[in-house]
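One structure is given here, and the rest of the page talks about it.
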Amino acid sequence: MEQLASKKELVGKKILVTAGPTREAIDPVRYITNHSSGKMGYAIAEMAASKGAEVRLVSGPTNLKKPFGVEKIDVDTTNEMYQAVLKSFEWADIVIKSAAVADYRPNFVSKNKIKKEDSDFTIQLTRNPDILKELGKRKKTNKILVGFAAETQNLLYNAKNKIKNKNLDFIVANDLTKEGAGFKSDTNIVSIIDRNGQIENYEKMSKKDLAEIILDKAKDLFIKE
Ligand code: CTP
Ligand code: CA
């Protein structure tokens with residue numbers, strides 16, 4: 001009984017998770033995106049639901065199945081993710097933004113397929129909104145905001161800057177140059193840094209185990225406030 005109770009430790013908590021890449025159309029057949037598989041965010045959503053939380057998962061395009069007990073909202077573009085996340089922000093106690101969001105979109109989307117010419121072709125890109133930064137601005141004290149940072153250089157420096165710029169409670173930083181870390185893998189190698197600059201370095205572990213660590217940390221911080 002005791003074991004069952006401890007497993008349901010997120011009952012009463014509302015958790016908003018984002019996952020996967022976003023995708024920006026160039027024309028009806030082409031788009032810009034990134035290598036995110038969505039595995040990390042889906043693992044978090046699934047683990048949170050299994051611990052009794054109410055979970056909303058805002059997902060970019062992935063090949064993954066909706067986790068059991070999770071409400072899933074599908075989006076394509078960064079702007080769609082932005083709108084979907086803003087709609088659920090007030091509702092959420094804990095927001096975990098594991099999505100790999102496209103920072104730019106083409107200035108305009110061609111209605112027809114772009115035909116090739118002999119000359120080179122240039123696409124001009126417009127900055128997308130920074131969803132997490134916007135949430136950080138709106139955050140009230142009793143809400144936990146968790147970001148991710150995927151880096152290929154200066155991991156800790158960049159991650160710390162993101163905590164400050166986006167007003168995060170903590171950030172999960174992964175070094176994409178390490179074998180067994182990052183987008184496609186079922187494992188991850190991360191450091192978790194909190195807003196006081198405290199760093200915890202973790203060995204390679206499954207995304208499922210990491211999901212549990214992230215959720216435990218978010219829950220502990222939420223209770224403390
Ligand atoms: N993020 C977001 N909206 C964006 C870009 C990023 O919400 N337009 C979120 C991601 O979901 C992640 C965190 O911000 O939780 C950090 O994303 P990352 O791409 O590492 O950082 P950026 O701030 O976009 O900076 P850069 O890509 O230059 O490293
Ligand atoms: Ca980015």
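As shown in the structure tokens, the chain order sets the letters A, B, ...; within each chain, residues go from 1, and ligands are also counted from 1 in the order they appear.
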Ligand 2 neighbours within 8 Å using only C-alpha atoms and all ligand atoms, as a short mmCIF file (atom, residue, chain, number, x, y, z; two decimals) with N, CA and C atoms, in the first residue's frame:
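New file selection-v7.cif:
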```cif
data_model
loop_
_atom_site.label_atom_id
_atom_site.label_comp_id
_atom_site.auth_asym_id
_atom_site.auth_seq_id
_atom_site.Cartn_x
_atom_site.Cartn_y
_atom_site.Cartn_z
N ALA A 100 12.12 20.99 -28.78
CA ALA A 100 13.19 21.67 -29.51
C ALA A 100 12.52 22.59 -30.53
N VAL A 101 12.40 23.84 -30.12
CA VAL A 101 11.57 24.80 -30.85
C VAL A 101 12.38 25.46 -31.97
N ALA A 102 11.79 25.54 -33.15
CA ALA A 102 12.47 26.23 -34.26
C ALA A 102 12.55 27.72 -33.93
N ASP A 103 13.77 28.24 -33.90
CA ASP A 103 13.96 29.65 -33.54
C ASP A 103 13.55 30.60 -34.67
#
```
Exercise for review: Give the alpha helix (DSSP H) residues of range 106-177 of chain A, as assigned by DSSP on the backbone, as a count of residues only.
Suggested key: 20
Check your understanding: Which neighbours of range 146-154 of chain A fall inside 7 Å, counting only C-alpha atoms, when residues of the same chain fewer than 6 positions from it are skipped, and could you give them as a PyMOL selection string?
Key -> chain A and resi 95-98+168-177
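Closest approach to ligand 1 from the set A:Lys133, A:Lys14, A:Lys66, A:Lys139 is made by A:Lys133, with distances taken over only C-alpha atoms and all ligand atoms.
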Point to revise | Test item: residues at most 12 Å from Lys219 in chain A, only C-alpha atoms, excluding those fewer than 2 positions along its chain, as a PyMOL selection string | key: chain A and resi 9-15+48+51+53+93-96+142-146+169+212-217+221-225
